>>> print(open('protein.cif').read())   # mmCIF, C-alpha atoms
data_start
loop_
_atom_site.label_atom_id
_atom_site.label_comp_id
_atom_site.auth_asym_id
_atom_site.auth_seq_id
_atom_site.Cartn_x
_atom_site.Cartn_y
_atom_site.Cartn_z
CA MET A 1 0.00 0.00 0.00
CA SER A 2 1.41 3.38 -0.94
CA LYS A 3 1.43 6.09 1.69
CA LYS A 4 -1.37 7.99 0.00
CA TYR A 5 -3.79 5.22 1.04
CA LEU A 6 -2.83 5.34 4.70
CA PRO A 7 -5.22 7.27 6.94
CA LYS A 8 -3.56 10.34 8.38
CA GLN A 9 -3.81 11.60 11.95
CA THR A 10 -3.68 15.27 12.75
CA LYS A 11 -1.49 16.32 15.65
CA ASN A 12 -4.58 16.99 17.75
CA ASP A 13 -5.99 13.55 16.95
CA TYR A 14 -2.70 11.98 17.94
CA ASN A 15 -2.51 13.89 21.19
CA LYS A 16 -6.07 12.90 22.09
CA SER A 17 -5.42 9.24 21.40
CA LYS A 18 -1.88 9.08 22.81
CA GLY A 19 -1.74 6.46 25.52
CA ASN A 20 -4.67 4.59 23.99
CA VAL A 21 -3.05 3.71 20.67
CA MET A 22 -3.45 0.01 19.86
CA LYS A 23 0.12 -1.23 19.51
CA THR A 24 -0.71 -4.68 18.10
CA LEU A 25 -3.67 -5.63 15.94
CA LYS A 26 -4.19 -9.39 16.24
CA ILE A 27 -6.01 -11.06 13.36
CA ALA A 28 -7.01 -14.71 12.87
CA PHE A 29 -7.18 -15.77 9.20
CA PHE A 30 -9.29 -18.76 8.12
CA ASP A 31 -9.22 -20.90 4.96
CA THR A 32 -5.83 -19.57 3.90
CA LYS A 33 -3.43 -20.80 1.25
CA SER A 34 0.34 -20.41 1.24
CA HIS A 35 0.37 -17.76 -1.49
CA GLU A 36 -2.02 -15.61 0.56
CA ARG A 37 0.03 -15.92 3.73
CA ASP A 38 3.22 -14.74 2.08
CA ILE A 39 1.56 -11.67 0.56
CA PHE A 40 -0.37 -10.72 3.71
CA ASN A 41 2.76 -10.95 5.86
CA LYS A 42 4.70 -8.80 3.41
CA ILE A 43 1.98 -6.14 3.16
CA ALA A 44 1.38 -6.11 6.94
CA THR A 45 5.04 -5.35 7.60
CA ARG A 46 5.06 -2.61 4.98
CA ILE A 47 1.92 -0.90 6.26
CA ALA A 48 3.18 -0.91 9.85
CA GLU A 49 6.53 0.55 8.80
CA GLU A 50 4.96 3.27 6.64
CA THR A 51 2.47 4.22 9.34
CA ALA A 52 5.22 4.38 11.94
CA GLU A 53 7.22 6.72 9.68
CA GLU A 54 4.25 9.01 9.15
CA THR A 55 3.36 9.05 12.84
CA ALA A 56 6.94 9.88 13.78
CA GLU A 57 7.12 12.69 11.21
CA GLU A 58 3.83 14.25 12.29
CA THR A 59 4.71 14.23 15.99
CA ALA A 60 8.40 15.11 15.72
CA GLU A 61 7.98 18.82 16.44
CA GLU A 62 6.04 18.33 19.67
CA THR A 63 7.47 15.02 20.86
CA ALA A 64 11.12 15.06 19.87
CA GLU A 65 12.05 13.52 23.21
CA GLU A 66 9.77 10.47 22.81
CA THR A 67 11.30 7.05 22.37
CA ALA A 68 10.99 5.00 19.22
CA GLU A 69 8.58 2.66 21.06
CA GLU A 70 6.22 5.52 21.86
CA THR A 71 6.06 6.68 18.24
CA ALA A 72 6.10 3.24 16.67
CA GLY A 73 2.35 3.32 15.94
CA PHE A 74 1.24 -0.29 15.64
CA LYS A 75 1.98 -3.67 14.17
CA PHE A 76 -0.11 -6.54 12.84
CA LYS A 77 0.05 -10.02 14.32
CA LEU A 78 -1.37 -12.43 11.76
CA ASP A 79 -2.30 -16.00 12.69
CA PHE A 80 -3.15 -18.21 9.71
CA PHE A 81 -5.38 -21.28 9.77
CA SER A 82 -6.12 -23.55 6.81
CA ASP A 83 -9.42 -24.72 8.34
CA HIS A 84 -12.77 -23.09 7.64
CA LEU A 85 -14.47 -21.14 10.40
CA ASN A 86 -17.10 -23.16 12.27
CA MET A 87 -18.37 -23.69 15.82
CA THR A 88 -15.32 -25.80 16.62
CA THR A 89 -12.56 -23.71 15.06
CA VAL A 90 -14.09 -20.46 16.32
CA GLU A 91 -12.42 -21.05 19.68
CA VAL A 92 -8.98 -20.18 18.24
CA CYS A 93 -10.24 -16.60 17.84
CA ALA A 94 -9.79 -15.94 21.56
CA GLY A 95 -7.21 -13.21 22.11
CA HIS A 96 -7.64 -11.68 18.64
CA ASP A 97 -9.13 -8.33 17.69
CA ALA A 98 -10.46 -9.37 14.29
CA ILE A 99 -10.88 -12.34 12.00
CA CYS A 100 -10.38 -12.53 8.24
CA ILE A 101 -12.44 -15.00 6.21
CA PHE A 102 -13.03 -16.06 2.62
CA ALA A 103 -16.12 -16.99 0.63
CA ASN A 104 -16.79 -20.42 2.13
CA ASP A 105 -16.64 -19.41 5.79
CA GLN A 106 -20.24 -19.11 6.99
CA ILE A 107 -21.07 -16.49 9.62
CA THR A 108 -24.37 -17.39 11.28
CA LEU A 109 -26.00 -15.80 14.33
CA GLN A 110 -24.57 -18.61 16.46
CA ILE A 111 -21.02 -18.05 15.23
CA ALA A 112 -21.34 -14.25 15.38
CA THR A 113 -22.52 -14.49 18.98
CA ARG A 114 -19.59 -16.70 19.94
CA LEU A 115 -17.14 -14.38 18.17
CA SER A 116 -18.50 -11.47 20.18
CA GLU A 117 -18.13 -13.44 23.41
CA LEU A 118 -14.49 -14.10 22.47
CA GLY A 119 -13.84 -10.36 22.05
CA ILE A 120 -13.85 -10.13 18.25
CA LYS A 121 -14.64 -6.60 17.09
CA LEU A 122 -14.41 -7.04 13.33
CA ILE A 123 -14.93 -9.57 10.54
CA ALA A 124 -12.90 -8.76 7.42
CA LEU A 125 -13.72 -10.53 4.18
CA ARG A 126 -10.87 -10.86 1.72
CA SER A 127 -13.47 -11.15 -1.02
CA VAL A 128 -15.99 -8.90 -2.75
CA GLY A 129 -19.10 -11.00 -2.09
CA TYR A 130 -20.53 -11.32 1.40
CA ASN A 131 -23.62 -13.50 1.00
CA ASN A 132 -21.96 -16.00 3.36
CA VAL A 133 -22.23 -13.53 6.27
CA ASP A 134 -25.37 -12.76 8.26
CA ILE A 135 -24.78 -9.00 8.44
CA LYS A 136 -27.78 -8.36 10.71
CA ALA A 137 -26.59 -11.00 13.15
CA CYS A 138 -23.13 -9.43 13.30
CA SER A 139 -24.60 -5.98 13.82
CA SER A 140 -26.82 -7.26 16.62
CA VAL A 141 -23.78 -8.46 18.59
CA GLY A 142 -21.67 -5.38 17.89
CA ILE A 143 -19.33 -6.76 15.22
CA ASN A 144 -18.48 -4.69 12.15
CA VAL A 145 -18.07 -6.39 8.77
CA VAL A 146 -15.86 -5.11 5.93
CA HIS A 147 -15.09 -6.45 2.49
CA VAL A 148 -12.90 -5.80 -0.55
CA ASP A 149 -14.68 -3.32 -2.80
CA GLU A 150 -13.53 -4.90 -6.05
CA TYR A 151 -11.08 -7.31 -7.63
CA SER A 152 -8.73 -6.16 -10.35
CA PRO A 153 -10.88 -5.87 -13.49
CA HIS A 154 -7.80 -6.56 -15.61
CA ALA A 155 -7.22 -9.92 -13.92
CA THR A 156 -10.77 -11.11 -14.62
CA ALA A 157 -11.01 -9.72 -18.15
CA GLU A 158 -7.68 -11.20 -19.22
CA TYR A 159 -8.58 -14.56 -17.72
CA ALA A 160 -11.94 -14.59 -19.50
CA VAL A 161 -10.20 -14.14 -22.85
CA ALA A 162 -7.72 -16.87 -21.90
CA LEU A 163 -10.62 -19.21 -21.17
CA LEU A 164 -12.13 -18.43 -24.55
CA GLN A 165 -8.92 -19.15 -26.44
CA THR A 166 -8.28 -22.31 -24.44
CA LEU A 167 -11.77 -23.50 -25.34
CA ASN A 168 -11.57 -22.32 -28.96
CA ARG A 169 -8.10 -23.67 -29.76
CA LYS A 170 -8.36 -26.66 -27.37
CA ILE A 171 -5.06 -25.77 -25.72
CA HIS A 172 -5.81 -27.79 -22.58
CA SER A 173 -6.44 -30.96 -24.57
CA ALA A 174 -3.47 -30.40 -26.89
CA TYR A 175 -1.14 -29.96 -23.91
CA ILE A 176 -2.15 -33.32 -22.42
CA ARG A 177 -1.99 -35.09 -25.80
CA THR A 178 1.46 -33.69 -26.63
CA ARG A 179 2.77 -34.57 -23.18
CA ASP A 180 1.74 -38.16 -23.93
CA LYS A 181 3.68 -38.00 -27.24
CA ASP A 182 0.46 -38.05 -29.25
CA PHE A 183 0.87 -35.50 -32.04
CA ARG A 184 -2.48 -35.80 -33.81
CA THR A 185 -4.09 -32.42 -34.53
CA GLU A 186 -7.20 -33.32 -36.50
CA GLU A 187 -9.56 -32.33 -33.68
CA TYR A 188 -7.88 -29.02 -32.95
CA VAL A 189 -9.20 -26.77 -35.70
CA GLY A 190 -10.29 -23.52 -34.08
CA THR A 191 -11.56 -20.20 -35.33
CA GLU A 192 -10.05 -16.72 -35.49
CA ILE A 193 -11.46 -13.96 -33.32
CA TYR A 194 -10.53 -11.40 -35.97
CA GLY A 195 -13.65 -10.35 -37.83
CA LYS A 196 -16.02 -12.13 -35.43
CA THR A 197 -18.76 -10.44 -33.38
CA VAL A 198 -18.29 -10.50 -29.61
CA GLY A 199 -21.20 -9.66 -27.31
CA ILE A 200 -20.33 -8.29 -23.87
CA VAL A 201 -23.20 -8.77 -21.40
CA GLY A 202 -22.41 -6.57 -18.42
CA ALA A 203 -20.11 -3.85 -19.75
CA GLY A 204 -18.96 -2.57 -16.38
CA LYS A 205 -15.31 -2.26 -15.37
CA VAL A 206 -14.41 -5.82 -16.33
CA GLY A 207 -16.57 -5.86 -19.43
CA LYS A 208 -15.07 -2.64 -20.75
CA ILE A 209 -11.53 -3.98 -20.41
CA ALA A 210 -12.56 -7.18 -22.17
CA ALA A 211 -14.14 -5.06 -24.92
CA LYS A 212 -10.84 -3.25 -25.46
CA ILE A 213 -9.01 -6.59 -25.68
CA PHE A 214 -11.42 -7.90 -28.31
CA CYS A 215 -11.15 -4.68 -30.28
CA GLY A 216 -7.43 -5.34 -30.31
CA TYR A 217 -8.14 -8.70 -31.91
CA GLY A 218 -10.02 -6.91 -34.67
CA ALA A 219 -13.45 -8.14 -33.59
CA ARG A 220 -16.74 -6.29 -33.83
CA VAL A 221 -17.82 -5.61 -30.23
CA LEU A 222 -21.42 -5.28 -29.03
CA LEU A 223 -22.04 -3.99 -25.51
CA ASN A 224 -24.93 -4.26 -23.10
CA ALA A 225 -24.97 -2.43 -19.78
CA THR A 226 -27.37 -0.91 -17.27
CA HIS A 227 -25.64 2.44 -17.73
CA PRO A 228 -24.29 2.77 -21.29
CA ASN A 229 -21.26 4.99 -21.84
CA SER A 230 -21.48 6.36 -25.37
CA GLU A 231 -18.10 8.06 -25.12
CA PHE A 232 -16.43 4.75 -24.27
CA SER A 233 -18.12 2.86 -27.10
CA ARG A 234 -17.29 5.61 -29.58
CA ASN A 235 -13.63 5.68 -28.54
CA ILE A 236 -13.10 1.94 -29.08
CA GLY A 237 -15.44 1.54 -32.03
CA ALA A 238 -18.01 -0.60 -30.20
CA GLU A 239 -21.80 -0.34 -30.08
CA TYR A 240 -24.40 -0.57 -27.30
CA VAL A 241 -27.33 -2.81 -28.21
CA ASN A 242 -30.10 -4.70 -26.42
CA LEU A 243 -29.71 -8.31 -25.31
CA THR A 244 -31.73 -9.67 -28.21
CA GLU A 245 -29.29 -8.08 -30.67
CA ILE A 246 -26.35 -9.54 -28.78
CA PHE A 247 -27.81 -13.04 -28.76
CA ARG A 248 -28.76 -12.93 -32.45
CA ASN A 249 -25.53 -11.49 -33.81
CA SER A 250 -22.67 -12.67 -31.59
CA ASP A 251 -20.25 -15.44 -32.42
CA ILE A 252 -18.96 -15.17 -28.85
CA VAL A 253 -21.01 -14.19 -25.78
CA MET A 254 -19.07 -13.02 -22.70
CA LEU A 255 -20.90 -12.71 -19.36
CA PHE A 256 -19.61 -10.16 -16.85
CA CYS A 257 -22.84 -9.16 -15.12
CA PRO A 258 -23.58 -9.64 -11.40
CA LEU A 259 -26.15 -12.18 -10.25
CA VAL A 260 -29.33 -10.35 -9.28
CA ASN A 261 -32.98 -11.25 -9.78
CA GLU A 262 -32.98 -9.63 -13.22
CA THR A 263 -29.94 -11.55 -14.46
CA ARG A 264 -30.68 -15.00 -13.03
CA ASN A 265 -30.88 -17.40 -16.02
CA ILE A 266 -30.17 -14.51 -18.38
CA ILE A 267 -28.98 -17.25 -20.71
CA ASN A 268 -31.97 -19.58 -21.08
CA GLU A 269 -33.67 -21.74 -23.67
CA ASN A 270 -35.30 -18.78 -25.42
CA CYS A 271 -32.04 -16.81 -25.58
CA ILE A 272 -30.10 -19.80 -26.87
CA SER A 273 -32.70 -20.33 -29.61
CA LEU A 274 -31.82 -16.85 -30.90
CA MET A 275 -28.08 -17.51 -31.02
CA LYS A 276 -26.00 -18.47 -34.01
CA LYS A 277 -25.21 -22.14 -34.35
CA GLY A 278 -21.70 -22.70 -33.04
CA VAL A 279 -21.62 -19.79 -30.57
CA PHE A 280 -19.09 -19.75 -27.71
CA ILE A 281 -20.20 -18.67 -24.21
CA VAL A 282 -17.76 -17.63 -21.48
CA ASN A 283 -18.90 -16.87 -17.93
CA THR A 284 -16.58 -15.68 -15.15
CA GLY A 285 -19.56 -14.68 -13.00
CA ARG A 286 -22.05 -16.82 -11.12
CA THR A 287 -23.21 -20.01 -12.79
CA SER A 288 -26.84 -19.14 -12.08
CA LEU A 289 -26.62 -16.54 -14.84
CA ILE A 290 -27.20 -19.54 -17.11
CA ASP A 291 -29.98 -22.14 -17.16
CA SER A 292 -27.84 -25.29 -16.84
CA ASN A 293 -30.35 -27.67 -18.42
CA ALA A 294 -30.88 -25.45 -21.46
CA LEU A 295 -27.13 -25.03 -21.90
CA LEU A 296 -26.39 -28.75 -21.60
CA ASP A 297 -28.98 -29.47 -24.29
CA ALA A 298 -27.46 -26.81 -26.56
CA LEU A 299 -23.95 -28.22 -26.07
CA LYS A 300 -25.15 -31.69 -27.04
CA THR A 301 -26.95 -30.47 -30.18
CA GLY A 302 -24.07 -28.23 -31.25
CA ARG A 303 -25.97 -24.94 -31.17
CA VAL A 304 -23.48 -23.87 -28.51
CA LYS A 305 -20.00 -24.93 -29.65
CA GLY A 306 -18.41 -24.52 -26.24
CA VAL A 307 -18.83 -22.97 -22.81
CA ALA A 308 -16.31 -21.95 -20.16
CA PHE A 309 -16.96 -21.24 -16.47
CA ASP A 310 -14.57 -20.00 -13.82
CA ILE A 311 -16.70 -21.23 -10.93
CA PHE A 312 -19.59 -23.54 -10.25
CA GLU A 313 -20.91 -22.06 -7.04
CA GLU A 314 -23.90 -24.37 -6.74
CA ASP A 315 -21.45 -27.07 -5.62
CA LYS A 316 -21.52 -25.81 -2.03
CA GLN A 317 -19.94 -29.01 -0.75
CA ASN A 318 -16.61 -28.28 -2.38
CA LEU A 319 -16.62 -24.54 -3.05
CA TYR A 320 -13.05 -23.29 -2.55
CA GLY A 321 -12.32 -26.49 -0.63
CA ASP A 322 -9.32 -28.78 -0.57
CA GLU A 323 -11.23 -31.98 0.18
CA TRP A 324 -13.17 -32.35 -3.06
CA SER A 325 -10.98 -35.08 -4.52
CA ASP A 326 -11.88 -37.70 -1.89
CA LYS A 327 -15.59 -36.96 -1.55
CA PRO A 328 -18.27 -37.57 -4.18
CA ILE A 329 -19.65 -34.43 -5.78
CA GLN A 330 -23.35 -34.19 -5.06
CA ASN A 331 -24.29 -31.69 -7.78
CA GLU A 332 -25.71 -33.41 -10.87
CA ASP A 333 -25.29 -30.39 -13.18
CA PHE A 334 -21.64 -30.05 -12.20
CA GLU A 335 -21.09 -33.73 -12.96
CA GLN A 336 -22.74 -33.33 -16.37
CA PHE A 337 -20.60 -30.34 -17.35
CA LEU A 338 -17.44 -32.18 -16.31
CA LYS A 339 -18.35 -34.98 -18.71
CA VAL A 340 -19.05 -32.73 -21.70
CA PRO A 341 -15.88 -32.33 -23.84
CA ASN A 342 -16.83 -28.84 -25.03
CA ALA A 343 -17.26 -27.46 -21.51
CA LEU A 344 -14.28 -25.99 -19.66
CA ILE A 345 -14.46 -25.32 -15.91
CA THR A 346 -11.81 -23.79 -13.69
CA TYR A 347 -12.28 -23.17 -10.02
CA HIS A 348 -12.34 -19.46 -9.19
CA GLN A 349 -8.99 -18.53 -10.71
CA ALA A 350 -9.88 -15.33 -12.55
CA TYR A 351 -8.78 -13.13 -9.64
CA LEU A 352 -5.55 -15.05 -8.98
CA THR A 353 -2.79 -12.72 -10.07
CA SER A 354 0.02 -11.45 -7.89
CA GLU A 355 -1.15 -7.89 -8.55
CA ASN A 356 -4.71 -8.65 -7.50
CA LEU A 357 -3.70 -10.66 -4.44
CA THR A 358 -1.53 -7.73 -3.39
CA HIS A 359 -4.51 -5.40 -3.89
CA VAL A 360 -6.76 -7.67 -1.81
CA ALA A 361 -4.20 -7.81 1.00
CA GLU A 362 -3.73 -4.04 0.98
CA VAL A 363 -7.43 -3.26 1.05
CA THR A 364 -8.18 -5.93 3.67
CA LEU A 365 -5.46 -4.76 6.05
CA GLU A 366 -6.35 -1.11 5.43
CA ASN A 367 -9.97 -1.94 6.29
CA ILE A 368 -8.89 -3.63 9.53
CA TYR A 369 -6.56 -0.80 10.49
CA ASN A 370 -9.20 1.85 9.84
CA VAL A 371 -11.97 0.16 11.81
CA LEU A 372 -9.89 -0.95 14.78
CA THR A 373 -8.26 2.47 15.13
CA LYS A 374 -11.67 4.15 14.75
CA LYS A 375 -10.98 5.86 11.46
CA GLN A 376 -13.26 6.21 8.46
CA CYS A 377 -13.64 3.05 6.39
CA LYS A 378 -15.51 3.10 3.07
CA ASN A 379 -15.87 -0.68 2.91
CA ILE A 380 -18.03 -1.31 5.96
CA ILE A 381 -21.14 -3.37 5.12
CA TYR A 382 -24.26 -2.07 6.83
CA SER A 383 -27.30 -4.24 7.54
#
>>> encode(input="protein.cif", output="structure tokens")
Amino acid sequence: MSKKYLPKQTKNDYNKSKGNVMKTLKIAFFDTKSHERDIFNKIATRIAEETAEETAEETAEETAEETAEETAGFKFKLDFFSDHLNMTTVEVCAGHDAICIFANDQITLQIATRLSELGIKLIALRSVGYNNVDIKACSSVGINVVHVDEYSPHATAEYAVALLQTLNRKIHSAYIRTRDKDFRTEEYVGTEIYGKTVGIVGAGKVGKIAAKIFCGYGARVLLNATHPNSEFSRNIGAEYVNLTEIFRNSDIVMLFCPLVNETRNIINENCISLMKKGVFIVNTGRTSLIDSNALLDALKTGRVKGVAFDIFEEDKQNLYGDEWSDKPIQNEDFEQFLKVPNALITYHQAYLTSENLTHVAEVTLENIYNVLTKKQCKNIIYS
């Protein structure tokens, strides 16, 4: 985090709080992976050092005689656990000021109550979504909840295009075949994106970046968004149209819209019937944007040439888990898509870049610092 993101104290604020400054912010992290731990530790050290420098500079004139310890500000103490948060693992939260969770850690009223009893003041999500947290329950027991405002739109847009090209040119299959010294290529005829029509459903931050990428390929780009930006479309040579026009004219349909009531099953049997035969569909959002049964039928008949997902969130049993390989998957749709050769599924990788993980760590730790030191935080979730 650069210094410009760090909340500043005035001299008066510092003098009022002196003696009550929290020297160590203790945070328990759940469902963590090694790559997250390394980045969080690195960012935590950097933030503490930068804040200490700023605090020392701002108080130097009035407190030149203070010791380094008195002007040191604070430090983070991060404790990482690979387990999910539940009524058993919640007990390790004792002695911490805050906890940090990911998308598969469920916060119920029972867990929120126990967290409060253990002295937890804050729940920090290192994710954008927070449907796994009972916000009202947390509020009722005096616990604040914060989240990451957004992932890097570049990470998701670039990954979506990578999924498309992997699906189109069958790179994943060719890699395995070549590794096995099988050099047949008859099944690997793809298509060029140049000259094709790409429909972007959900032309927000991610969709706009994807649109620019496809314009770079030389494709015709059609956009659909709740709030069209005519200046943007004019600058890149794209066009805003309604969904019907996108479905009728696109060779490639890219979904970047959020899952709300209006977008649930936005791709359904009627929409698919409008599409060109041989269309590609790529979805890095929620799977419920698509009617699974209608899509499976279209894949089998060839109306849809291929589909790519980055997540299948209906598989709650294994979402973001490490234990999926030794337990049967209970979701029938997921099983069907895994068996279809023209369906490509990855498991929530779109956000996984070093730049984005650094951003998530910075925002998460900034959120924690701001709330626990009683400063303004723009990412608090209110019930």
>>> resolve_selection(input="protein.cif", expression="the PyMOL selection byres ((chain A and resi 35-48) around 7)", output="list in words")
Met1, Thr32, Lys33, Ser34, Glu49, Glu50, Thr51, Ala52, Phe74, Lys75, Phe76, Thr358, Ala361 and Glu362 of chain A
>>> atom_distance(input="protein.cif", atom1="atom CA of Tyr188 of chain A", atom2="atom CA of His172 of chain A")
10.6 Å
>>> resolve_selection(input="protein.cif", expression="the PyMOL selection byres ((chain A and resi 243-254) around 8)", output="PDB file with C-alpha atoms, in the coordinates of the input")
ATOM      1  CA  ALA A 160     -11.940 -14.590 -19.500  1.00  0.00           C
ATOM      2  CA  LYS A 196     -16.020 -12.130 -35.430  1.00  0.00           C
ATOM      3  CA  THR A 197     -18.760 -10.440 -33.380  1.00  0.00           C
ATOM      4  CA  VAL A 198     -18.290 -10.500 -29.610  1.00  0.00           C
ATOM      5  CA  GLY A 199     -21.200  -9.660 -27.310  1.00  0.00           C
ATOM      6  CA  ILE A 200     -20.330  -8.290 -23.870  1.00  0.00           C
ATOM      7  CA  VAL A 201     -23.200  -8.770 -21.400  1.00  0.00           C
ATOM      8  CA  LEU A 222     -21.420  -5.280 -29.030  1.00  0.00           C
ATOM      9  CA  LEU A 223     -22.040  -3.990 -25.510  1.00  0.00           C
ATOM     10  CA  ASN A 224     -24.930  -4.260 -23.100  1.00  0.00           C
ATOM     11  CA  VAL A 241     -27.330  -2.810 -28.210  1.00  0.00           C
ATOM     12  CA  ASN A 242     -30.100  -4.700 -26.420  1.00  0.00           C
ATOM     13  CA  LEU A 255     -20.900 -12.710 -19.360  1.00  0.00           C
ATOM     14  CA  PHE A 256     -19.610 -10.160 -16.850  1.00  0.00           C
ATOM     15  CA  CYS A 271     -32.040 -16.810 -25.580  1.00  0.00           C
ATOM     16  CA  ILE A 272     -30.100 -19.800 -26.870  1.00  0.00           C
ATOM     17  CA  LEU A 274     -31.820 -16.850 -30.900  1.00  0.00           C
ATOM     18  CA  MET A 275     -28.080 -17.510 -31.020  1.00  0.00           C
ATOM     19  CA  LYS A 276     -26.000 -18.470 -34.010  1.00  0.00           C
ATOM     20  CA  GLY A 278     -21.700 -22.700 -33.040  1.00  0.00           C
ATOM     21  CA  VAL A 279     -21.620 -19.790 -30.570  1.00  0.00           C
ATOM     22  CA  PHE A 280     -19.090 -19.750 -27.710  1.00  0.00           C
ATOM     23  CA  ILE A 281     -20.200 -18.670 -24.210  1.00  0.00           C
ATOM     24  CA  VAL A 282     -17.760 -17.630 -21.480  1.00  0.00           C
ATOM     25  CA  ASN A 283     -18.900 -16.870 -17.930  1.00  0.00           C
TER      26      ASN A 283
END
>>> atom_distance(input="protein.cif", atom1="atom CA of Thr191 of chain A", atom2="atom CA of Gly204 of chain A")
26.9 Å
>>> residues_around(input="protein.cif", residues="Ile368 of chain A", least_positions_apart="4", cutoff="7 Å", atoms="only C-alpha atoms", output="PyMOL selection string")
chain A and resi 124+364+372
>>> resolve_selection(input="protein.cif", expression="the PyMOL selection byres ((chain A and resi 157) around 9)", output="number ranges by chain")
A: 152-156, 158-162, 206-211, 213, 256, 284, 350
>>> residues_near_point(input="protein.cif", point="(-6.4, -0.8, 7.0)", cutoff="9 Å", atoms="only C-alpha atoms", output="ChimeraX atom specification")
/A:5-7,47,362-373,377
>>> atom_distance(input="protein.cif", atom1="atom CA of Thr353 of chain A", atom2="atom CA of Asp105 of chain A")
22.1 Å
